[in-house]
Each structure stands twice: as C-alpha cells, then as structure tokens.
file run33.cif (mmCIF, C-alpha atoms)
data_coords
#
loop_
_atom_site.label_atom_id
_atom_site.label_comp_id
_atom_site.auth_asym_id
_atom_site.auth_seq_id
_atom_site.Cartn_x
_atom_site.Cartn_y
_atom_site.Cartn_z
CA MET A 70 -17.85 3.61 -9.48
CA ARG A 71 -14.34 4.85 -8.71
CA ARG A 72 -15.53 5.53 -5.16
CA LEU A 73 -16.40 1.85 -4.71
CA PHE A 74 -13.81 -0.04 -6.79
CA PHE A 75 -10.26 0.47 -8.05
CA LEU A 76 -11.24 -0.96 -11.43
CA PRO A 77 -11.70 1.56 -14.27
CA THR A 78 -15.30 2.77 -14.40
CA GLU A 79 -15.90 1.10 -17.77
CA ILE A 80 -14.81 -2.29 -16.44
CA SER A 81 -16.93 -1.95 -13.30
CA TYR A 82 -20.03 -1.19 -15.34
CA GLY A 83 -19.07 -3.99 -17.73
CA VAL A 84 -18.95 -6.51 -14.89
CA PHE A 85 -22.44 -5.51 -13.76
CA GLY A 86 -23.64 -5.60 -17.37
CA VAL A 87 -22.36 -9.16 -17.84
CA MET A 88 -24.13 -10.22 -14.63
CA VAL A 89 -27.45 -8.78 -15.81
CA TYR A 90 -27.05 -10.23 -19.31
CA SER A 91 -26.20 -13.71 -17.98
CA PHE A 92 -29.25 -13.65 -15.69
CA PHE A 93 -31.59 -13.41 -18.69
CA LYS A 94 -29.62 -15.36 -21.32
CA PHE A 95 -27.60 -18.12 -19.62
CA GLN A 96 -28.46 -21.46 -18.04
CA PRO A 97 -28.58 -21.61 -14.20
CA LEU A 98 -25.16 -23.27 -13.87
CA ALA A 99 -23.56 -20.66 -16.12
CA ILE A 100 -25.28 -17.86 -14.20
CA VAL A 101 -23.79 -19.13 -10.93
CA ALA A 102 -20.32 -19.26 -12.50
CA VAL A 103 -20.59 -15.71 -13.93
CA PHE A 104 -21.93 -14.28 -10.65
CA THR A 105 -19.23 -16.03 -8.59
CA PHE A 106 -16.41 -14.76 -10.79
CA SER A 107 -17.86 -11.24 -10.97
CA ILE A 108 -18.30 -10.97 -7.22
CA PHE A 109 -14.74 -12.26 -6.70
CA ILE A 110 -13.34 -9.53 -9.00
CA LEU A 111 -15.39 -6.80 -7.31
CA LEU A 112 -14.35 -7.95 -3.82
CA VAL A 113 -10.66 -8.05 -4.72
CA PHE A 114 -10.76 -4.51 -6.12
CA ARG A 115 -13.15 -3.02 -3.56
CA ARG A 116 -12.38 0.39 -2.14
CA SER A 117 -13.06 1.53 1.43
CA SER A 118 -13.36 5.07 2.74
CA VAL A 119 -10.47 6.16 4.97
CA PRO A 120 -11.19 8.95 7.50
CA TYR A 121 -8.78 11.87 7.46
CA ARG A 122 -6.55 12.20 10.49
CA ASP A 123 -4.27 15.15 11.08
CA THR A 124 -0.70 13.85 11.20
CA GLN A 125 0.92 17.03 12.54
CA LYS A 126 1.54 17.49 16.27
CA MET A 127 3.28 20.01 18.47
CA ASN A 128 6.81 18.59 18.30
CA GLY A 129 6.68 16.42 15.19
CA GLU A 130 4.25 14.25 13.27
CA MET A 131 2.49 10.91 13.27
CA TYR A 132 3.31 8.47 10.49
CA LEU A 133 0.18 6.48 9.70
CA SER A 134 -0.12 3.14 7.97
CA PRO A 135 -0.44 3.60 4.19
CA VAL A 136 -2.10 0.18 3.65
CA TYR A 137 -4.30 -2.53 5.13
CA GLY A 138 -2.10 -5.42 6.23
CA VAL A 139 -0.21 -7.23 8.98
CA VAL A 140 3.17 -6.24 10.44
CA GLN A 141 5.52 -9.15 9.77
CA SER A 142 8.78 -7.77 11.15
CA ILE A 143 10.44 -4.67 12.63
CA ARG A 144 14.16 -3.95 12.37
CA HIS A 145 15.76 -1.07 14.24
CA SER A 146 18.72 1.11 13.22
CA VAL A 147 19.37 -0.50 9.84
CA SER A 148 20.89 0.95 6.68
CA CYS A 149 19.22 1.23 3.28
CA PRO A 150 21.08 2.30 0.10
CA GLU A 151 18.17 4.56 -0.89
CA TYR A 152 17.95 6.21 2.53
CA PRO A 153 20.60 8.77 3.55
CA SER A 154 20.84 7.86 7.26
CA PRO A 155 20.20 5.02 9.73
CA CYS A 156 16.52 4.11 9.85
CA HIS A 157 13.92 1.73 11.22
CA GLU A 158 12.32 -0.82 8.88
CA VAL A 159 8.73 -2.03 9.24
CA ARG A 160 7.59 -4.86 6.95
CA ILE A 161 3.87 -5.11 6.22
CA SER A 162 2.25 -7.95 4.27
CA MET A 163 -0.87 -7.24 2.19
CA SER A 164 -2.94 -10.33 1.47
CA LEU A 165 -4.99 -11.06 -1.62
CA TRP A 166 -8.26 -10.40 0.24
CA GLN A 167 -7.43 -7.10 1.91
CA GLU A 168 -8.42 -3.78 0.38
CA LYS A 169 -5.69 -2.71 -2.04
CA GLY A 170 -5.69 1.08 -1.59
CA LEU A 171 -2.51 3.08 -0.93
CA TYR A 172 -2.92 6.13 1.32
CA LEU A 173 -0.41 8.86 2.15
CA PRO A 174 0.96 8.23 5.67
CA THR A 175 1.45 11.96 6.26
CA SER A 176 1.04 15.23 4.39
CA GLY A 177 3.97 15.95 2.11
CA GLU A 178 5.55 15.98 -1.32
CA VAL A 179 6.66 13.06 -3.49
CA LEU A 180 10.41 13.33 -3.87
CA LEU A 181 11.03 10.26 -6.01
CA LEU A 182 9.06 7.47 -7.67
CA LYS A 183 11.21 4.70 -9.11
CA ALA A 184 10.43 1.16 -10.33
CA SER A 185 13.16 -1.50 -10.49
CA LYS A 186 13.09 -4.90 -12.17
CA GLY A 187 14.05 -8.12 -10.42
CA LYS A 188 12.71 -11.41 -9.18
CA LYS A 189 9.44 -11.68 -7.29
CA ILE A 190 9.17 -13.18 -3.82
CA ASN A 191 6.44 -14.77 -1.74
CA ARG A 192 4.99 -12.37 0.84
CA SER A 193 5.44 -15.01 3.58
CA SER A 194 9.20 -15.38 2.98
CA LEU A 195 11.68 -14.91 5.83
CA THR A 196 12.63 -11.38 6.87
CA LEU A 197 16.25 -12.01 5.84
CA GLU A 198 15.20 -12.56 2.22
CA PHE A 199 13.57 -9.14 2.14
CA SER A 200 16.13 -7.16 4.12
CA SER A 201 19.29 -8.59 2.55
CA PHE A 202 18.15 -8.80 -1.07
CA SER A 203 15.44 -6.13 -1.44
CA GLU A 204 17.56 -4.25 -4.01
CA GLU A 205 17.56 -7.37 -6.23
CA LEU A 206 13.79 -7.90 -6.01
CA SER A 207 11.10 -6.43 -8.24
CA HIS A 208 10.11 -3.30 -6.33
CA THR A 209 8.83 0.25 -6.54
CA ASP A 210 10.28 3.01 -4.33
CA PHE A 211 8.07 5.89 -3.22
CA THR A 212 10.05 8.58 -1.37
CA LEU A 213 8.07 11.18 0.54
CA THR A 214 9.23 14.34 2.28
CA SER A 215 6.76 15.66 4.85
CA LYS A 216 5.83 19.22 5.75
CA ASN A 217 8.40 18.99 8.53
CA GLU A 218 11.03 18.01 5.92
CA THR A 219 11.24 14.43 7.20
CA LEU A 220 12.31 11.93 4.55
CA THR A 221 10.62 8.51 4.49
CA LEU A 222 10.65 5.63 2.00
CA LEU A 223 7.93 3.18 0.99
CA ARG A 224 9.30 0.15 -0.88
CA PHE A 225 6.63 -2.01 -2.52
CA ILE A 226 8.01 -5.51 -3.24
CA ASP A 227 6.06 -7.55 -5.77
CA CYS A 228 4.74 -10.94 -4.73
CA THR A 229 5.02 -13.98 -7.01
CA VAL A 230 1.30 -13.72 -7.83
CA SER A 231 1.00 -9.93 -7.97
CA VAL A 232 1.79 -7.05 -10.31
CA ARG A 233 3.36 -3.64 -9.71
CA PRO A 234 1.37 -1.07 -7.73
CA THR A 235 -0.54 1.56 -9.66
CA ILE A 236 0.51 4.96 -8.29
CA TRP A 237 -1.23 8.13 -9.44
CA LEU A 238 1.14 10.64 -7.84
CA LYS A 239 4.42 11.56 -9.52
CA SER A 240 7.61 13.29 -8.39
CA GLY A 241 6.80 16.80 -7.23
CA ASP A 242 3.13 16.12 -6.45
CA ARG A 243 1.78 16.99 -3.01
CA GLY A 244 -1.03 15.53 -0.92
CA ARG A 245 -2.52 15.45 2.56
CA GLY A 246 -2.30 12.57 4.99
CA GLY A 247 -4.86 9.87 4.28
CA ALA A 248 -5.27 10.79 0.59
CA CYS A 249 -5.48 7.77 -1.73
CA PHE A 250 -2.55 7.79 -4.16
CA GLY A 251 -2.98 4.41 -5.88
CA TYR A 252 -3.62 0.73 -5.30
CA TYR A 253 -1.68 -2.55 -5.22
CA PRO A 254 -3.45 -5.21 -7.37
CA PHE A 255 -3.51 -8.58 -5.54
CA GLY A 256 -1.37 -7.24 -2.70
CA GLY A 257 2.30 -7.75 -1.90
CA THR A 258 4.89 -6.62 0.65
CA LEU A 259 5.62 -3.09 1.84
CA LEU A 260 8.86 -2.05 3.55
CA ILE A 261 8.58 1.27 5.39
CA TYR A 262 11.75 3.18 6.29
CA VAL A 263 11.52 5.98 8.86
CA PRO A 264 14.34 7.91 10.61
CA ALA A 265 16.15 6.07 13.41
CA THR A 266 15.31 9.01 15.69
CA SER A 267 11.58 8.15 15.45
CA ASP A 268 9.64 5.83 17.75
CA VAL A 269 8.03 2.77 16.13
CA LEU A 270 4.60 2.27 17.72
CA VAL A 271 3.44 -1.00 16.15
CA PHE A 272 4.37 -4.57 17.00
CA GLU A 273 4.80 -7.77 15.00
CA LYS A 274 1.58 -9.54 13.90
CA GLU A 275 -0.46 -6.37 14.48
CA GLU A 276 -3.13 -5.62 11.89
CA VAL A 277 -2.79 -2.09 10.53
CA VAL A 278 -5.40 0.18 8.97
CA PRO A 279 -4.59 3.22 6.81
CA GLY A 280 -5.50 6.56 8.33
CA GLN A 281 -5.86 5.05 11.82
CA THR A 282 -2.87 2.93 12.86
CA VAL A 283 0.17 5.01 13.83
CA ILE A 284 3.31 3.31 12.51
CA ALA A 285 5.76 5.74 14.10
CA SER A 286 6.03 9.03 15.92
CA ILE A 287 8.60 11.27 14.26
CA THR A 288 10.14 14.08 16.30
CA ASP A 289 11.18 17.32 14.63
CA GLN A 290 14.92 17.55 14.11
CA PRO A 291 16.70 20.78 15.11
CA LYS A 292 17.71 22.99 12.19
CA VAL A 293 21.46 23.17 11.60
#
call {"tool": "encode", "arguments": {"input": "run33.cif", "output": "structure tokens"}}
result
Amino acid sequence: MRRLFFLPTEISYGVFGVMVYSFFKFQPLAIVAVFTFSIFILLVFRRSSVPYRDTQKMNGEMYLSPVYGVVQSIRHSVSCPEYPSPCHEVRISMSLWQEKGLYLPTSGEVLLLKASKGKKINRSSLTLEFSSFSEELSHTDFTLTSKNETLTLLRFIDCTVSVRPTIWLKSGDRGRGGACFGYYPFGGTLLIYVPATSDVLVFEKEEVVPGQTVIASITDQPKV
C-alpha cells in the first residue's frame, strides 16, 4: 500500500475495509457518501512512480524539481538569511489535487532540517508576501549539499489549509536524485534557493514534474 498511497498502510486498508463493509451493511445513499469520501482521501494521498534521472553531468549537475506543481515566480540574485551567498529563488505552488510526494532534486546529503513556527499564508498570495516575510511564516527548511558540494535550500511554507510536510530524512542522511523523502499533506508553497552562479531553466506558470523538469543547471565551482 505504501507504493500507492502516502497514508499509513493500516489506514489504507481501513479505508478499503470501510468501503466493503458499507457496501453490504449500509443504505444506498450512505454507500455513495462513504465511497465518495473514501475515494477523495485516496486521491489526495495517491503516490506516483518517479523515474530516476542521473543529475550529474560533465561540468556540474542538474537540479530537478522536487515536487509536482506550478512555478509562480522567479527572483534572481536575492539574499536569504539561511543561505550563505547570493542566490536565485524559484517559488512553486502545490495544489490540493496534485500528488504530494517530495523527491530529492539531486544526489546528496541532508545538512539541516529545521521547522519554524509562524503564521500560515495562502498559496496564491503575492510574491512579495513570501519573499519579504518568509522568515515570519510557518515553514520547514531542508538544506541539501550535493555530491559536488553545492548547497541548496528547500523552504516549505505552510498554506492556510495545510499542515507541515512529513519528511523521512534527517540531518546527515544521504540519498540519490529522485528518491522520495516525504510528502506534503494537502500541498503548500515551496521556495527553492540555488546559487546565483547557476542557470534557472524554468519559467513562470510552467508545470513541473519531479525527476523530469530541470529547475536549474549548476556549474561546478573552482576549488580555492
């Protein structure tokens, strides 16, 4: 069941059990209600298979989308308190109906996982509300250092109707590009920070798919 849904196995089987029980025990109207609610839950927490794609290349690496969503805004050469140097910011909105899986954008090691309390914000809010006040919002930071020692930051900002992402990896854990490392119940907003020396390869309003859409091309930096 974990291959098909992000729900715990017991809950997934329980949902199917309730559907079967209602079919034999409930009145037709009640059966329709139970089936409708059950199918809604299963669709929201469905899980798709993401093909592995090698993110390493000759002179750097490809940074793939970690989620299903739509690019809402791109800001170049900005500063972020949690990022040590100028960076590009890509904001992706995850809707309620899109698959909720989180997938590593490149092979690497988790440097830091940190959750911060704050107010929640609607995923359709203006870019300024995210960029200027993201530190004050309810968010979870996921810092990843790749095999090429490139530092990137994923900032998950909780929507008014969502909850915090469930992340299975912890600080010090390693994984390959495309590996599922958690899910974001009911969706939300993701801010991606990559080095300012990288090339952003997506555009606003583009739909992105984990393991396929290249967010940025990151060039190796010379060793000092």
call {"tool": "resolve_selection", "arguments": {"input": "run33.cif", "expression": "the PyMOL selection byres ((chain A and resi 215-227) around 7)", "output": "list in words"}}
result
Thr175, Ser176, Gly177, Glu178, Lys189, Ile190, Leu206, Ser207, His208, Thr209, Asp210, Phe211, Thr212, Leu213, Thr214, Cys228, Thr229, Ser231, Val232, Arg233, Gly257, Thr258, Leu259, Leu260, Ile261, Tyr262, Val263 and Asp289 of chain A
call {"tool": "atom_distance", "arguments": {"input": "run33.cif", "atom1": "atom CA of A:Glu158", "atom2": "atom CA of A:Ile143"}}
result
5.7 Å
call {"tool": "resolve_selection", "arguments": {"input": "run33.cif", "expression": "the PyMOL selection byres ((chain A and resi 274) around 9)", "output": "ChimeraX atom specification"}}
result
/A:139-142,272-273,275-276
call {"tool": "residues_around", "arguments": {"input": "run33.cif", "residues": "stretch 106-113 of chain A", "least_positions_apart": "3", "cutoff": "9 Å", "atoms": "only C-alpha atoms", "output": "number ranges by chain"}}
result
A: 74-76, 81, 84-85, 87-88, 101-103, 116, 165-169, 254-255
call {"tool": "closest_residue", "arguments": {"input": "run33.cif", "among": "A:Ser118, A:Ser240, A:Gln96, A:Ser134", "to": "A:Lys183", "atoms": "all atoms listed in the file"}}
result
A:Ser240
call {"tool": "closest_residue", "arguments": {"input": "run33.cif", "among": "A:Leu270, A:Leu181, A:Ala285, A:Val277", "to": "A:Ile161", "atoms": "all atoms listed in the file"}}
result
A:Val277
call {"tool": "atom_distance", "arguments": {"input": "run33.cif", "atom1": "atom CA of A:Arg243", "atom2": "atom CA of A:Val119"}}
result
18.2 Å
call {"tool": "atom_distance", "arguments": {"input": "run33.cif", "atom1": "atom CA of A:Tyr172", "atom2": "atom CA of A:Thr105"}}
result
29.2 Å
call {"tool": "resolve_selection", "arguments": {"input": "run33.cif", "expression": "the PyMOL selection byres ((chain A and resi 147) around 8)", "output": "VMD selection string"}}
result
chain A and resid 144 to 146 148 to 149 155 to 158
call {"tool": "residues_near_point", "arguments": {"input": "run33.cif", "point": "(17.4, -2.4, -8.4)", "cutoff": "6 Å", "atoms": "only C-alpha atoms", "output": "ChimeraX atom specification"}}
result
/A:185,204-205
